[in-house]
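Here the structure comes first, spelled out in C-alpha cells, and everything after it is commentary.
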Amino acid sequence: MKTIEKINGVISKVLTAIIIILFIWMIVAFSIQVFGRYIFSTGFPWTEELTRYGMIWMVFLGAAWIIFNGEHVKITILEDVLKGRTKKTIMIVQTIMGLLFVAAIFYFSIGQLSLAAKGRSANTGISNAMQYMVFPISMILSCWGYITKLIRQFREFNAPAAEAPTTAENEEGGGKS
C-alpha cells in the first residue's frame with residue numbers, strides 16, 4: 001500500500017504542476033488578447049481558443065487532483081451521525097458510486113473522442129480530439145484515485161478500530177484519497 005501511496009503522491013504533484021502551468025498559460029494568453037485589442041484594435045483569434053482548451057484541461061485534471069487529495073465537496077450528514085462499521089460502509093458505498101460515475105464518463109468519452117477526431121478547430125486548425133482527450137485521461141486518473149481509496153477503505157474496514165484511522169480522519173487531515 002505504501003508503494004501505491006507514493007505513486008498517488010507523484011500523480012498528485014504532476015497534476016498540480018500541470019494545473020499551475022495551464023493557469024499561467026491562461027493568464028498569458030488572455031493578457032496577449034487584451035493588449036492586442038488595446039494596441040492593435042483587434043484581438044488574436046488563437047488566444048481565445050487555446051485559453052478555452054487550457055481551461056477545459058485545467059478543470060478536468062483538477063477534478064482528478066481533487067479525488068487524489070480528498071478535497072471534494074460533499075454532504076456529510078450521514079457520516080456525522082453514524083459511527084463504526086456503519087459509517088465505514090456508507091463511505092465505501094460513496095466511493096463505489098464515485099468510481100462508477102467516473103467509469104461511465106470514461107466509457108462514453110471514448111466514443112466522443114473518436115467523433116471529435118474528425119473535426120478541427122476554426123482558428124488554430126488543431127484537431128478537436130486534443131480538447132476531448134482530457135476526458136478519458138482525467139477519468140482514468142479519477143478511477144485510479146477511487147480504486148486506491150477503496151482499497152484503503154476496505155483495509156480500514158477490516159482492521160481493528162485502534163489500528164487504523166478512519167478515512168474521514170485521513171481526509172480531514174489532508175490525507176490522500
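Every chain in the C-alpha cells takes a letter, A first, then B, and so on in the order presented; its residues are numbered from 1, and the ligands are numbered from 1 following the presented order.
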
For this session: Compile the contact shell of segment 60-62 of chain A as JSON, numbers by chain: residues with an atom at most 10 Å away, counting only C-alpha atoms, same-chain residues fewer than 2 positions apart removed.
Result: {"A": [12, 15, 16, 18, 19, 55, 56, 57, 58, 64, 65, 66, 67, 68, 134, 135, 136, 137, 138, 139, 141, 142]}

Problem set entry | 9 Å contact set for Ile32 of chain A, only C-alpha atoms, chain neighbours under 6 positions out, as an MDAnalysis selection string | chainID A and resid 43:44 47

Selection file, N, CA and C atoms, as an mmCIF file, in the first residue's frame:
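As written to disk, result-v3.cif reads:
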data_model
loop_
_atom_site.group_PDB
_atom_site.id
_atom_site.type_symbol
_atom_site.label_atom_id
_atom_site.label_comp_id
_atom_site.auth_asym_id
_atom_site.auth_seq_id
_atom_site.Cartn_x
_atom_site.Cartn_y
_atom_site.Cartn_z
ATOM 1 N N GLY A 43 -8.112 41.599 -31.769
ATOM 2 C CA GLY A 43 -7.540 40.520 -30.961
ATOM 3 C C GLY A 43 -6.921 39.447 -31.828
ATOM 4 N N PHE A 44 -6.241 38.549 -31.169
ATOM 5 C CA PHE A 44 -5.678 37.387 -31.851
ATOM 6 C C PHE A 44 -6.654 36.232 -31.658
ATOM 7 N N THR A 47 -5.789 33.091 -29.285
ATOM 8 C CA THR A 47 -5.675 33.183 -27.831
ATOM 9 C C THR A 47 -6.947 32.694 -27.133
#

Problem set entry | Contacts of Leu150 of chain A within 10 Å, only C-alpha atoms, excl. fewer than 5 positions in-chain, as number ranges by chain | A: 91-96, 99, 144-145, 155-156, 167, 177

Next, dump the selected residues to file, keeping only C-alpha atoms, as an mmCIF file, in the first residue's frame.
data_model
loop_
_atom_site.group_PDB
_atom_site.id
_atom_site.type_symbol
_atom_site.label_atom_id
_atom_site.label_comp_id
_atom_site.auth_asym_id
_atom_site.auth_seq_id
_atom_site.Cartn_x
_atom_site.Cartn_y
_atom_site.Cartn_z
ATOM 1 C CA MET A 91 -18.161 5.793 2.964
ATOM 2 C CA ILE A 92 -17.333 2.682 0.905
ATOM 3 C CA VAL A 93 -20.691 2.970 -0.899
ATOM 4 C CA GLN A 94 -19.947 6.655 -1.644
ATOM 5 C CA THR A 95 -16.574 5.728 -3.097
ATOM 6 C CA ILE A 96 -18.091 2.952 -5.227
ATOM 7 C CA LEU A 99 -15.975 5.131 -9.170
ATOM 8 C CA TRP A 144 -7.247 5.083 -10.136
ATOM 9 C CA GLY A 145 -7.815 7.551 -7.289
ATOM 10 C CA ARG A 155 -8.336 -2.334 4.729
ATOM 11 C CA GLU A 156 -9.588 0.088 7.369
ATOM 12 C CA THR A 167 -10.960 7.562 6.014
ATOM 13 C CA SER A 177 -7.822 9.855 -1.070
#

Exercise. Hey, what's within 12 Å of Ile4 of chain A if we count only C-alpha atoms and toss same-chain stuff fewer than 3 positions away? As a ChimeraX atom specification, please?
Worked result: /A:1,7-11,68,144-145,147-149,151-152,176-177

Exercise. Where in segment 117-156 of chain A does DSSP assign alpha helix (DSSP H), given as number ranges by chain?
Worked result: A: 129-132, 134-156

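The coordinates place atom CA of Trp46 of chain A at 9.0 Å from atom CA of Gln33 of chain A.
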
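Among the candidate residues A:Thr76, A:Thr51, A:Thr42, A:Ser31, the one lying nearest to Thr124 of chain A is A:Thr51, with distances computed using only C-alpha atoms.
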
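Counting only C-alpha atoms, the residue from A:Ala29, A:Ile90, A:Ile75, A:Ala129 that sits nearest to Ile110 of chain A is A:Ala129.
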
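You can rank A:Glu71, A:Val59, A:Pro160, A:Tyr132 by their closest distance to Ile20 of chain A using only C-alpha atoms, and at the top of that list sits A:Val59.
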